[in-house]
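Q: Here you go, this is run-v4.txt (compact mmCIF, C-alpha atoms and all ligand atoms).
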```txt
# COMPACT_ATOMS: atom_id res chain seq x y z
CA MET E 1 20.80 45.04 -16.21
CA ASP E 2 23.24 42.31 -15.21
CA TYR E 3 24.40 39.87 -17.82
CA GLU E 4 26.02 36.54 -17.09
CA VAL E 5 27.46 36.18 -20.56
CA ALA E 6 28.61 38.62 -23.24
CA VAL E 7 29.31 37.85 -26.88
CA ARG E 8 31.99 39.97 -28.53
CA ILE E 9 30.40 40.08 -31.94
CA THR E 10 32.33 41.33 -34.99
CA ARG E 11 31.71 41.54 -38.71
CA ARG E 12 33.71 38.33 -39.18
CA ASN E 13 32.13 36.18 -36.45
CA HIS E 14 28.59 37.53 -36.76
CA ASN E 15 27.15 34.64 -38.78
CA ALA E 16 28.74 32.00 -36.55
CA PHE E 17 27.40 33.59 -33.37
CA VAL E 18 23.89 34.00 -34.79
CA HIS E 19 23.79 30.23 -35.34
CA LEU E 20 25.45 29.45 -31.99
CA LEU E 21 23.02 31.64 -30.05
CA ALA E 22 20.13 29.88 -31.77
CA ALA E 23 21.59 26.53 -30.72
CA LEU E 24 22.03 27.69 -27.10
CA GLU E 25 18.46 28.93 -26.97
CA SER E 26 16.99 25.80 -28.49
CA GLN E 27 18.70 23.71 -25.79
CA GLY E 28 17.01 25.84 -23.13
CA TYR E 29 19.59 28.54 -22.45
CA ASP E 30 17.93 31.83 -21.55
CA LEU E 31 19.32 34.46 -23.91
CA SER E 32 18.04 37.32 -21.76
CA ASN E 33 21.21 36.69 -19.72
CA VAL E 34 23.36 37.29 -22.79
CA LEU E 35 24.65 40.64 -24.01
CA VAL E 36 25.54 40.62 -27.70
CA SER E 37 27.68 43.62 -28.53
CA ASN E 38 30.25 44.84 -31.00
CA ASN E 39 31.35 47.46 -28.48
CA LEU E 40 34.08 46.25 -26.15
CA ASP E 41 33.66 49.20 -23.76
CA GLU E 42 30.00 48.35 -23.33
CA ILE E 43 30.90 44.73 -22.56
CA ILE E 44 33.46 45.82 -19.96
CA GLU E 45 31.01 48.26 -18.39
CA LYS E 46 28.38 45.52 -17.93
CA ARG E 47 30.88 43.26 -16.13
CA PRO E 48 29.62 39.89 -17.42
CA LYS E 49 30.91 36.71 -15.80
CA VAL E 50 31.86 35.13 -19.14
CA ILE E 51 32.88 36.71 -22.45
CA LEU E 52 32.72 34.68 -25.66
CA TYR E 53 35.06 35.28 -28.59
CA SER E 54 35.36 33.60 -31.97
CA PHE E 55 38.13 34.58 -34.37
CA TYR E 56 40.55 33.62 -37.11
CA SER E 57 44.34 33.40 -36.85
CA GLN E 58 44.54 36.56 -38.96
CA GLU E 59 42.93 38.49 -36.08
CA VAL E 60 45.13 37.45 -33.17
CA ASP E 61 46.91 40.81 -32.71
CA THR E 62 43.63 42.69 -32.23
CA VAL E 63 42.18 39.97 -30.03
CA LYS E 64 45.27 39.96 -27.80
CA LYS E 65 44.95 43.71 -27.21
CA GLU E 66 41.27 43.33 -26.37
CA VAL E 67 41.98 40.55 -23.88
CA GLU E 68 44.59 42.75 -22.17
CA LYS E 69 42.08 45.57 -21.92
CA ILE E 70 39.43 43.28 -20.43
CA ARG E 71 41.91 41.85 -17.91
CA LYS E 72 42.86 45.35 -16.73
CA ASN E 73 39.25 46.24 -16.05
CA ILE E 74 37.18 43.22 -15.02
CA ASN E 75 37.46 39.67 -13.86
CA ALA E 76 35.60 37.54 -16.40
CA ILE E 77 36.13 34.04 -17.78
CA LEU E 78 37.26 34.43 -21.37
CA VAL E 79 36.23 31.72 -23.82
CA ALA E 80 37.60 31.43 -27.37
CA GLY E 81 36.10 29.46 -30.23
CA GLY E 82 36.67 29.43 -33.97
CA TYR E 83 39.41 28.23 -36.29
CA HIS E 84 42.36 29.66 -34.37
CA ALA E 85 41.31 28.16 -31.03
CA ILE E 86 40.92 24.73 -32.65
CA ALA E 87 44.27 24.82 -34.43
CA MET E 88 46.35 26.59 -31.77
CA PRO E 89 44.69 26.08 -28.37
CA LYS E 90 47.89 26.46 -26.35
CA HIS E 91 48.66 29.75 -28.07
CA THR E 92 45.06 30.83 -27.48
CA LEU E 93 45.31 30.11 -23.76
CA LYS E 94 48.91 30.94 -22.88
CA VAL E 95 49.75 33.75 -25.27
CA LEU E 96 46.43 35.39 -26.06
CA GLY E 97 45.27 34.96 -22.47
CA PHE E 98 41.97 33.07 -22.77
CA ASP E 99 40.78 30.78 -19.98
CA ILE E 100 39.05 28.19 -22.14
CA ALA E 101 39.23 27.21 -25.82
CA VAL E 102 36.27 25.47 -27.44
CA ILE E 103 37.59 22.71 -29.69
CA GLY E 104 35.34 21.68 -32.55
CA GLU E 105 31.75 22.42 -33.40
CA GLY E 106 30.43 24.66 -30.65
CA GLU E 107 26.67 24.15 -30.44
CA GLU E 108 26.61 21.54 -27.69
CA ALA E 109 30.02 22.23 -26.16
CA LEU E 110 29.13 25.86 -25.49
CA TYR E 111 25.79 24.99 -23.95
CA ASP E 112 27.39 22.37 -21.69
CA LEU E 113 30.20 24.76 -20.78
CA LEU E 114 27.90 27.64 -19.82
CA THR E 115 25.58 25.46 -17.75
CA LYS E 116 28.55 23.86 -16.01
CA LEU E 117 30.15 27.24 -15.28
CA ARG E 118 26.90 28.48 -13.76
CA LYS E 119 26.84 25.43 -11.47
CA THR E 120 30.44 25.96 -10.35
CA ASN E 121 29.75 29.66 -9.74
CA TYR E 122 31.95 30.67 -12.64
CA THR E 123 35.18 29.06 -11.57
CA ILE E 124 37.40 26.77 -13.61
CA THR E 125 37.41 23.42 -11.82
CA LYS E 126 38.02 19.81 -12.81
CA ASP E 127 34.23 19.54 -13.36
CA LEU E 128 34.93 21.04 -16.78
CA THR E 129 36.66 17.81 -17.79
CA GLU E 130 33.12 16.38 -18.14
CA VAL E 131 32.38 18.79 -21.00
CA ARG E 132 33.48 17.50 -24.39
CA GLY E 133 35.14 19.99 -26.73
CA LEU E 134 37.27 22.07 -24.37
CA ALA E 135 40.93 22.87 -23.80
CA PHE E 136 42.09 24.68 -20.68
CA TYR E 137 44.75 24.65 -18.01
CA LEU E 138 44.18 23.20 -14.55
CA GLY E 139 47.19 24.63 -12.78
CA ASP E 140 50.08 23.76 -15.11
CA GLU E 141 48.32 20.82 -16.65
CA PHE E 142 46.90 21.24 -20.17
CA VAL E 143 43.51 19.53 -20.36
CA PHE E 144 41.80 18.52 -23.62
CA THR E 145 38.38 16.90 -23.33
CA GLY E 146 37.98 15.65 -26.91
CA PHE E 147 36.97 17.17 -30.23
CA ALA E 148 33.31 18.29 -30.24
CA LYS E 149 31.38 17.01 -33.25
CA VAL E 150 27.81 17.85 -34.13
CA GLU E 151 26.94 15.37 -36.84
CA ASP E 152 23.39 16.64 -37.38
CA PHE E 153 24.06 20.36 -36.94
CA TRP E 154 20.62 21.09 -38.40
CA LYS E 155 18.89 19.81 -35.29
CA PHE E 156 19.47 23.36 -34.10
CA PRO E 157 17.57 26.18 -35.79
CA PRO E 158 19.68 28.82 -37.55
CA TYR E 159 18.26 31.91 -35.85
CA PRO E 160 17.44 32.67 -32.21
CA GLU E 161 13.91 33.66 -31.27
CA GLY E 162 14.83 35.77 -28.25
CA LEU E 163 17.23 38.10 -30.07
CA LYS E 164 16.66 40.04 -33.25
CA LEU E 165 19.57 38.58 -35.17
CA ILE E 166 19.65 37.43 -38.75
CA SER E 167 22.41 36.30 -41.11
CA PRO E 168 22.84 34.22 -44.23
CA MET E 169 21.83 30.68 -43.26
CA GLU E 170 24.28 27.80 -42.94
CA ILE E 171 22.75 25.05 -45.05
CA SER E 172 25.70 22.67 -45.46
CA ARG E 173 28.74 21.86 -43.35
CA GLY E 174 31.95 19.91 -44.03
CA CYS E 175 33.84 19.31 -47.28
CA PRO E 176 35.47 16.17 -48.71
CA PHE E 177 38.02 17.88 -50.94
CA GLY E 178 40.77 18.67 -48.47
CA CYS E 179 42.50 21.46 -50.37
CA TYR E 180 45.81 21.83 -48.56
CA TYR E 181 45.38 25.53 -47.72
CA CYS E 182 41.83 25.28 -46.33
CA GLN E 183 40.70 24.83 -42.73
CA THR E 184 37.12 23.73 -43.40
CA PRO E 185 37.51 19.93 -43.67
CA TYR E 186 39.82 19.78 -40.67
CA ALA E 187 37.45 21.77 -38.46
CA LYS E 188 34.13 20.55 -39.83
CA GLY E 189 34.87 17.12 -41.27
CA PHE E 190 35.24 15.57 -44.70
CA ARG E 191 31.61 14.53 -45.06
CA MET E 192 29.12 17.17 -46.03
CA ARG E 193 25.89 17.36 -44.02
CA HIS E 194 22.87 19.44 -44.94
CA ARG E 195 20.01 21.27 -43.31
CA PRO E 196 16.70 19.77 -44.54
CA ILE E 197 14.70 21.66 -47.13
CA ASP E 198 11.61 22.28 -44.98
CA GLN E 199 13.75 23.91 -42.31
CA ILE E 200 15.59 26.03 -44.86
CA VAL E 201 12.27 27.24 -46.25
CA LYS E 202 10.83 27.91 -42.80
CA TYR E 203 13.71 30.13 -41.72
CA SER E 204 14.36 31.71 -45.13
CA LYS E 205 11.15 33.65 -44.54
CA ARG E 206 13.12 35.83 -42.13
CA MET E 207 15.52 37.00 -44.82
CA LYS E 208 14.74 39.74 -47.32
CA ASP E 209 17.49 38.64 -49.64
CA MET E 210 17.87 34.88 -49.22
CA ARG E 211 21.57 33.99 -48.95
CA TYR E 212 23.25 30.83 -47.73
CA ILE E 213 26.50 29.60 -46.21
CA THR E 214 27.97 26.45 -47.73
CA PRO E 215 31.44 25.43 -48.94
CA ASN E 216 29.97 24.44 -52.33
CA ALA E 217 26.38 25.46 -53.06
CA PHE E 218 25.95 22.94 -55.90
CA ALA E 219 26.86 20.05 -53.56
CA TYR E 220 23.64 20.52 -51.60
CA GLY E 221 22.14 17.13 -50.71
CA SER E 222 25.26 15.12 -51.55
CA PRO E 223 28.06 13.74 -49.33
CA GLY E 224 30.01 16.55 -50.97
CA GLY E 225 32.06 15.02 -53.76
CA ILE E 226 29.36 14.58 -56.37
CA LEU E 227 26.53 16.59 -57.84
CA LYS E 228 23.00 15.55 -56.91
CA ILE E 229 21.14 17.81 -59.26
CA GLU E 230 17.70 16.65 -58.10
CA LYS E 231 18.50 17.72 -54.51
CA VAL E 232 19.68 21.16 -55.59
CA GLU E 233 16.60 21.58 -57.75
CA ALA E 234 14.28 20.41 -54.94
CA LEU E 235 15.75 23.04 -52.63
CA LEU E 236 15.54 25.87 -55.14
CA ARG E 237 12.02 24.86 -56.18
CA ALA E 238 10.86 24.81 -52.56
CA LEU E 239 12.05 28.40 -52.13
CA GLN E 240 9.96 29.73 -55.04
CA PRO E 241 6.89 30.69 -52.96
CA LEU E 242 9.16 32.96 -50.92
CA ARG E 243 10.46 34.58 -54.09
CA ARG E 244 6.91 35.19 -55.22
CA GLU E 245 6.34 37.04 -51.95
CA GLY E 246 9.05 39.49 -53.04
CA ARG E 247 12.25 38.04 -51.59
CA ARG E 248 15.29 37.66 -53.82
CA LEU E 249 17.14 34.33 -53.89
CA PHE E 250 20.92 34.35 -54.30
CA TYR E 251 22.63 31.00 -54.68
CA GLY E 252 26.28 30.08 -55.33
CA THR E 253 27.34 33.61 -54.61
CA PHE E 254 28.41 35.65 -51.57
CA PRO E 255 28.89 34.39 -48.86
CA SER E 256 29.22 30.95 -50.45
CA GLU E 257 30.79 29.74 -53.68
CA VAL E 258 30.86 26.75 -56.03
CA ARG E 259 33.55 24.41 -57.24
CA PRO E 260 34.19 24.73 -60.99
CA GLU E 261 33.45 21.12 -61.92
CA PHE E 262 29.97 21.50 -60.38
CA VAL E 263 29.16 24.27 -62.87
CA THR E 264 27.35 22.39 -65.63
CA ARG E 265 24.67 23.39 -68.09
CA GLU E 266 22.11 21.82 -65.74
CA THR E 267 23.25 23.67 -62.60
CA VAL E 268 23.49 27.03 -64.39
CA GLU E 269 20.02 26.50 -65.86
CA LEU E 270 18.72 25.97 -62.31
CA LEU E 271 20.18 29.33 -61.32
CA VAL E 272 18.51 31.04 -64.24
CA LYS E 273 15.17 29.36 -63.68
CA TYR E 274 14.91 29.63 -59.91
CA THR E 275 17.18 32.37 -58.58
CA ASP E 276 18.14 36.04 -58.82
CA THR E 277 21.85 35.23 -58.97
CA LYS E 278 23.80 37.61 -61.20
CA ARG E 279 27.29 36.71 -60.01
CA LEU E 280 28.53 33.16 -59.53
CA ALA E 281 31.51 32.77 -57.17
CA ILE E 282 33.82 30.09 -58.56
CA GLY E 283 37.00 28.81 -56.88
CA ALA E 284 39.73 28.35 -59.50
CA GLN E 285 42.84 29.14 -57.39
CA SER E 286 45.40 28.48 -60.16
CA GLY E 287 45.69 28.42 -63.93
CA ASP E 288 48.13 25.53 -63.89
CA ASP E 289 47.12 21.87 -63.69
CA LYS E 290 50.31 20.81 -61.92
CA MET E 291 49.74 23.44 -59.24
CA LEU E 292 46.09 22.41 -58.86
CA LYS E 293 47.22 18.85 -58.29
CA ALA E 294 49.91 19.89 -55.81
CA MET E 295 47.37 21.85 -53.76
CA HIS E 296 44.92 18.94 -53.85
CA ARG E 297 42.15 20.84 -55.61
CA VAL E 298 41.00 17.73 -57.52
CA HIS E 299 39.81 19.70 -60.56
CA ARG E 300 41.61 20.94 -63.64
CA VAL E 301 41.91 24.23 -65.52
CA GLU E 302 39.49 22.95 -68.16
CA HIS E 303 36.75 22.87 -65.50
CA VAL E 304 37.35 26.53 -64.76
CA ILE E 305 37.20 27.46 -68.44
CA ASN E 306 34.00 25.50 -68.87
CA ALA E 307 32.43 27.09 -65.76
CA VAL E 308 33.28 30.60 -66.96
CA GLU E 309 31.96 30.00 -70.47
CA LEU E 310 28.73 28.45 -69.22
CA SER E 311 28.05 31.26 -66.74
CA LEU E 312 28.59 33.92 -69.39
CA GLU E 313 26.45 32.08 -71.89
CA TYR E 314 23.55 32.35 -69.44
CA GLY E 315 24.16 36.00 -68.56
CA ILE E 316 25.70 35.32 -65.16
CA THR E 317 29.01 37.01 -64.30
CA PRO E 318 31.58 34.48 -63.09
CA VAL E 319 33.61 35.87 -60.19
CA VAL E 320 36.66 33.67 -60.09
CA ASP E 321 38.97 33.29 -57.09
CA PHE E 322 42.72 32.85 -57.50
CA ILE E 323 45.48 32.44 -54.95
CA VAL E 324 48.88 33.82 -55.92
CA GLY E 325 52.24 33.00 -54.31
CA LEU E 326 51.24 29.39 -53.65
CA PRO E 327 53.89 27.09 -52.12
CA GLY E 328 56.01 25.57 -54.87
CA GLU E 329 54.53 27.87 -57.52
CA THR E 330 57.08 28.59 -60.25
CA GLU E 331 57.22 31.61 -62.58
CA GLU E 332 55.83 29.42 -65.32
CA MET E 333 52.87 28.41 -63.14
CA GLN E 334 52.25 32.05 -62.30
CA ARG E 335 52.37 32.89 -66.01
CA LYS E 336 49.61 30.34 -66.58
CA SER E 337 47.48 31.90 -63.83
CA ILE E 338 48.00 35.32 -65.42
CA GLU E 339 46.91 33.94 -68.81
CA LEU E 340 43.75 32.46 -67.31
CA MET E 341 42.94 35.64 -65.37
CA LYS E 342 43.44 37.72 -68.53
CA TRP E 343 41.19 35.40 -70.50
CA ILE E 344 38.43 35.60 -67.84
CA ILE E 345 38.59 39.41 -67.73
CA LYS E 346 38.58 39.67 -71.55
CA LYS E 347 35.52 37.43 -71.75
CA GLY E 348 33.63 39.66 -69.27
CA GLY E 349 34.15 37.73 -66.03
CA LYS E 350 35.65 39.06 -62.80
CA VAL E 351 38.75 37.94 -60.96
CA ARG E 352 39.40 38.04 -57.23
CA ALA E 353 43.04 37.63 -56.29
CA HIS E 354 44.25 36.45 -52.90
CA TYR E 355 47.78 36.03 -51.62
CA PHE E 356 48.70 32.68 -50.07
CA MET E 357 48.28 32.69 -46.30
CA PRO E 358 49.49 29.65 -44.33
CA LEU E 359 46.64 28.83 -41.97
CA PRO E 360 47.12 26.85 -38.77
CA GLY E 361 45.29 23.55 -38.82
CA THR E 362 45.87 22.91 -42.54
CA PRO E 363 48.41 20.65 -44.30
CA TRP E 364 50.09 23.77 -45.69
CA ALA E 365 50.40 25.52 -42.30
CA LYS E 366 54.22 25.36 -42.32
CA CYS E 367 54.58 26.14 -46.03
CA LYS E 368 55.96 29.44 -47.27
CA PRO E 369 54.51 31.54 -50.08
CA SER E 370 56.47 31.57 -53.34
CA PRO E 371 57.81 34.95 -54.43
CA LEU E 372 55.62 36.74 -56.96
CA SER E 373 57.27 37.08 -60.36
CA GLU E 374 57.82 40.60 -61.74
CA GLU E 375 55.23 39.79 -64.37
CA MET E 376 52.67 38.82 -61.71
CA LYS E 377 53.33 41.94 -59.62
CA LYS E 378 52.96 44.19 -62.67
CA PHE E 379 49.84 42.39 -63.84
CA LEU E 380 48.07 42.55 -60.46
CA GLY E 381 49.06 46.19 -59.96
CA ARG E 382 47.82 47.22 -63.39
CA MET E 383 44.56 45.27 -63.14
CA ALA E 384 43.85 46.63 -59.64
CA ALA E 385 44.49 50.22 -60.80
CA GLU E 386 42.08 49.70 -63.67
CA GLY E 387 39.49 48.20 -61.28
CA LYS E 388 39.57 44.89 -63.15
CA ILE E 389 40.65 42.74 -60.23
CA GLU E 390 38.99 42.53 -56.85
CA GLY E 391 40.42 40.89 -53.74
CA ALA E 392 42.71 41.78 -50.91
CA TRP E 393 45.96 40.28 -52.19
CA GLY E 394 47.91 43.45 -51.35
CA ILE E 395 46.91 43.51 -47.67
CA GLN E 396 47.19 39.73 -47.48
CA ILE E 397 50.95 39.87 -48.21
CA GLU E 398 51.43 41.50 -44.80
CA THR E 399 48.90 39.18 -43.12
CA SER E 400 50.68 36.17 -44.63
CA ARG E 401 53.99 37.40 -43.22
CA LYS E 402 52.45 37.70 -39.75
CA LEU E 403 50.95 34.21 -39.99
CA GLN E 404 54.32 32.73 -40.97
CA LYS E 405 55.88 34.36 -37.92
CA LEU E 406 53.08 33.13 -35.67
CA ILE E 407 53.51 29.56 -36.92
CA GLU E 408 57.32 29.68 -36.68
CA GLU E 409 57.14 30.86 -33.08
CA PHE E 410 54.18 28.96 -31.70
CA TYR E 411 53.49 25.95 -33.93
CA GLU E 412 51.57 23.21 -32.14
CA GLU E 413 49.96 20.10 -33.53
CA PRO E 414 46.39 21.16 -34.27
CA PHE E 415 43.27 19.42 -33.06
CA SER E 416 41.12 18.35 -35.94
CA TYR E 417 37.84 16.70 -36.84
CA VAL E 418 39.66 14.08 -38.88
CA GLY E 419 42.59 13.09 -36.67
CA LYS E 420 46.15 14.06 -37.49
CA VAL E 421 46.50 16.81 -40.07
CA LYS E 422 49.02 15.93 -42.76
CA GLU E 423 52.09 18.19 -42.76
CA ILE E 424 53.21 18.85 -46.31
CA CYS E 425 56.13 21.22 -45.60
S1 LIG V 501 38.69 25.25 -50.46
FE1 LIG V 501 36.52 24.74 -50.74
S2 LIG V 501 36.59 22.79 -51.85
FE2 LIG V 501 38.60 23.05 -50.95
S3 LIG V 501 38.52 22.02 -48.98
FE3 LIG V 501 38.01 24.16 -48.61
S4 LIG V 501 35.81 24.25 -48.66
FE4 LIG V 501 36.41 22.34 -49.65
```
Spell out the structure here as structure tokens.
A:
Amino acid sequence: MDYEVAVRITRRNHNAFVHLLAALESQGYDLSNVLVSNNLDEIIEKRPKVILYSFYSQEVDTVKKEVEKIRKNINAILVAGGYHAIAMPKHTLKVLGFDIAVIGEGEEALYDLLTKLRKTNYTITKDLTEVRGLAFYLGDEFVFTGFAKVEDFWKFPPYPEGLKLISPMEISRGCPFGCYYCQTPYAKGFRMRHRPIDQIVKYSKRMKDMRYITPNAFAYGSPGGILKIEKVEALLRALQPLRREGRRLFYGTFPSEVRPEFVTRETVELLVKYTDTKRLAIGAQSGDDKMLKAMHRVHRVEHVINAVELSLEYGITPVVDFIVGLPGETEEMQRKSIELMKWIIKKGGKVRAHYFMPLPGTPWAKCKPSPLSEEMKKFLGRMAAEGKIEGAWGIQIETSRKLQKLIEEFYEEPFSYVGKVKEIC
């Protein structure tokens, strides 16, 4: 069978592509033309006219090798989407070797791009300048057609009908907090938008374990910065008939999380009453108030302590995220993070440690990690050996080093949903 388009699906881009394919289909794109495969050799063998990628900056080495392999074997138009393409489009095109970068939210841009490419018999012409949300080269000229925004992303269903694909469902998009290390607000906007409850219920029927994608599960129904408890409750209540049919409902846990100041007695009671959640993923990031302020987290350590205590009181294990080696983090600040991590572990919670990675498209993109104190290294090593700390901080040290090199060599001003991204370093 001949395919016009292939999707290079991976573990990391799976959820995004499930939603994108649903959006393509709902706009009238025939998915029987689309091969979705995690096997690059299969994609090459089928010789599609277009291959779609979506990836993070942490993956660029692997992606570059794959592009080289494709180029050696077939002549296809290579399209890149995702956080790296938005933040470093010139690198994506010139260095990684893609033909087109999708800039912004992809639902409509990708549909317009694929229909336009079909009309131009799969050649890159100036007709593509009519499609919003693209970057590409016309000869030597770099063309950018504007940032693609999909205000009401929920007008597209989450799952395609024509392909048997399922994933946790994206229920909210955007985040107002603007933590300096995070790409979400700059790629998806500062205002949170939400999929309506009836649609969430309708499509949740397809999941056995109901899980959701959102930057902050307790911000459901709000512009993002405040808790609207009645909206969260309305959603969870509406999902109860599906629980009674035997599905389990997980909320505020993998693959989403909650901000600590949104963990209140009322929100935790909702989890107990309406969900099967046993682990609550809480973003703490540091045990030092000055550091929290410097990274623009807009909450304090006391919120983390309160969130942990409340979760434990109700029999839910708090799984608390920390970032170590943050820019400007002193030994004293690291000592405070260690104290907080120790306290959480002693109380019966879990800690997930991450090492600071400068991500393109964020205010901290050019910032360097701070060295880890001897005390921090010993603590993390000991806790990891005893199985008391989760998280990939060890591997992330190497990834962080690669990202710093990438940014030093190829920095470009990122495109963003919100205009110019502040540069802190
Ligand atoms: S880290 Fe979380 S709260 Fe902060 S900007 Fe990103 S999504 Fe929002």
Q: Considering only C-alpha atoms and all ligand atoms, state which residue in the set E:Tyr251, E:Tyr137, E:Tyr83, E:Tyr181 is at the smallest distance from ligand LIG 501 (chain V).
A: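 Closest to ligand LIG 501 (chain V) of all the choices is E:Tyr181.
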Q: Using all atoms listed in the file, find each residue with an atom at most 6 Å away from ligand LIG 501 (chain V) and format the answer as a ChimeraX atom specification.
A: /E:175,177-179,182,184-185,215
Q: Give me the residues within 12 Å of Arg47 (chain E) as a list of chain:residue names, counting only C-alpha atoms and dropping any in the same chain fewer than 6 places off.
A: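 So, after excluding close chain neighbours, the residues are E:Met1, E:Asp2, E:Tyr3, E:Glu4, E:Val5, E:Ala6, E:Val34, E:Leu35, E:Leu40, E:Asp41, E:Ile70, E:Arg71, E:Asn73, E:Ile74, E:Asn75, E:Ala76, E:Ile77.
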Q: Give me the region 78-125 of chain E side of the contact with region 24-33 of chain E, cut-off 9 Å, one line per residue showing its nearest atom pair and distance in Å at one decimal, counting all atoms listed in the file, sorted by chain and residue number, as a tab-separated table.
A:
```
residue	atom	partner	partner_atom	distance
E:Glu107	CA	E:Leu24	CA	6.7
E:Glu108	CA	E:Leu24	CA	7.7
E:Leu110	CA	E:Leu24	CA	7.5
E:Tyr111	CA	E:Leu24	CA	5.6
E:Leu114	CA	E:Tyr29	CA	8.8
E:Thr115	CA	E:Tyr29	CA	8.2
```
Q: With C-alpha atoms retained, write the just-selected residues as a PDB file, keeping the file's coordinate frame.
A:
```
ATOM      1  CA  GLU E 107      26.670  24.150 -30.440  1.00  0.00           C
ATOM      2  CA  GLU E 108      26.610  21.540 -27.690  1.00  0.00           C
ATOM      3  CA  LEU E 110      29.130  25.860 -25.490  1.00  0.00           C
ATOM      4  CA  TYR E 111      25.790  24.990 -23.950  1.00  0.00           C
ATOM      5  CA  LEU E 114      27.900  27.640 -19.820  1.00  0.00           C
ATOM      6  CA  THR E 115      25.580  25.460 -17.750  1.00  0.00           C
TER       7      THR E 115
END
```
Q: May I have the residues within 9 Å of Gln285 (chain E) as a ChimeraX atom specification, using all atoms listed in the file and disregarding those fewer than 3 positions away in the same chain?
A: /E:292,297,320-324,337,353-354
Q: Those selected residues, please, written with C-alpha atoms and delivered as a PDB file, keeping the file's coordinate frame.
A:
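out_21.pdb, freshly written:
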```pdb
ATOM      1  CA  LEU E 292      46.090  22.410 -58.860  1.00  0.00           C
ATOM      2  CA  ARG E 297      42.150  20.840 -55.610  1.00  0.00           C
ATOM      3  CA  VAL E 320      36.660  33.670 -60.090  1.00  0.00           C
ATOM      4  CA  ASP E 321      38.970  33.290 -57.090  1.00  0.00           C
ATOM      5  CA  PHE E 322      42.720  32.850 -57.500  1.00  0.00           C
ATOM      6  CA  ILE E 323      45.480  32.440 -54.950  1.00  0.00           C
ATOM      7  CA  VAL E 324      48.880  33.820 -55.920  1.00  0.00           C
ATOM      8  CA  SER E 337      47.480  31.900 -63.830  1.00  0.00           C
ATOM      9  CA  ALA E 353      43.040  37.630 -56.290  1.00  0.00           C
ATOM     10  CA  HIS E 354      44.250  36.450 -52.900  1.00  0.00           C
TER      11      HIS E 354
END
```
Q: Pick out the closest residue to Leu270 (chain E) from this set: E:Ser256, E:Gln396, E:Gln240, E:Thr92. Count only C-alpha atoms.
A: E:Gln240
Q: Mind giving me the straight-line distance from CA of Leu235 (chain E) to CA of Pro196 (chain E) in Å, one decimal?
A: 8.8 Å
Q: For a quick check of understanding, using only C-alpha atoms, which of E:Pro168, E:Lys377, E:Gln58, E:Gly146 has the smallest distance to Gly419 (chain E)?
A: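 The closest residue to Gly419 (chain E) is E:Gly146.
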Q: Report the distance between CA of Ala80 (chain E) and CA of Asn15 (chain E) in Å, rounded to one decimal place.
A: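 Going from CA of Ala80 (chain E) over to CA of Asn15 (chain E), I get 15.8 Å.
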Q: For Ile344 (chain E), find every residue with an atom within 12 Å (counting only C-alpha atoms), except residues of its own chain fewer than 3 positions away, and show them as a PyMOL selection string.
A: chain E and resi 282+284+287+304-309+311-312+317-322+337-341+347-352+388-389
Q: Give me, please, the distance in Å between CA of Lys205 (chain E) and CA of Lys155 (chain E), quoted to one decimal.
A: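 According to the coordinates, CA of Lys205 (chain E) and CA of Lys155 (chain E) are separated by 18.4 Å.
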Q: As AutoDock Vina command-line options, please: the centre and edge lengths in Å, to one decimal, of an axis-aligned box enclosing every listed atom of region 82-98 of chain E with 8 Å added on each side.
A:
```
--center_x 43.2 --center_y 30.1 --center_z -29.4 --size_x 29.1 --size_y 26.7 --size_z 29.8
```
Q: Report as a count of residues only all protein, DNA and RNA residues lying within 8 Å of Ala365 (chain E), evaluated on all atoms listed in the file, omitting residues in the same chain fewer than 6 positions from it.
A: 6
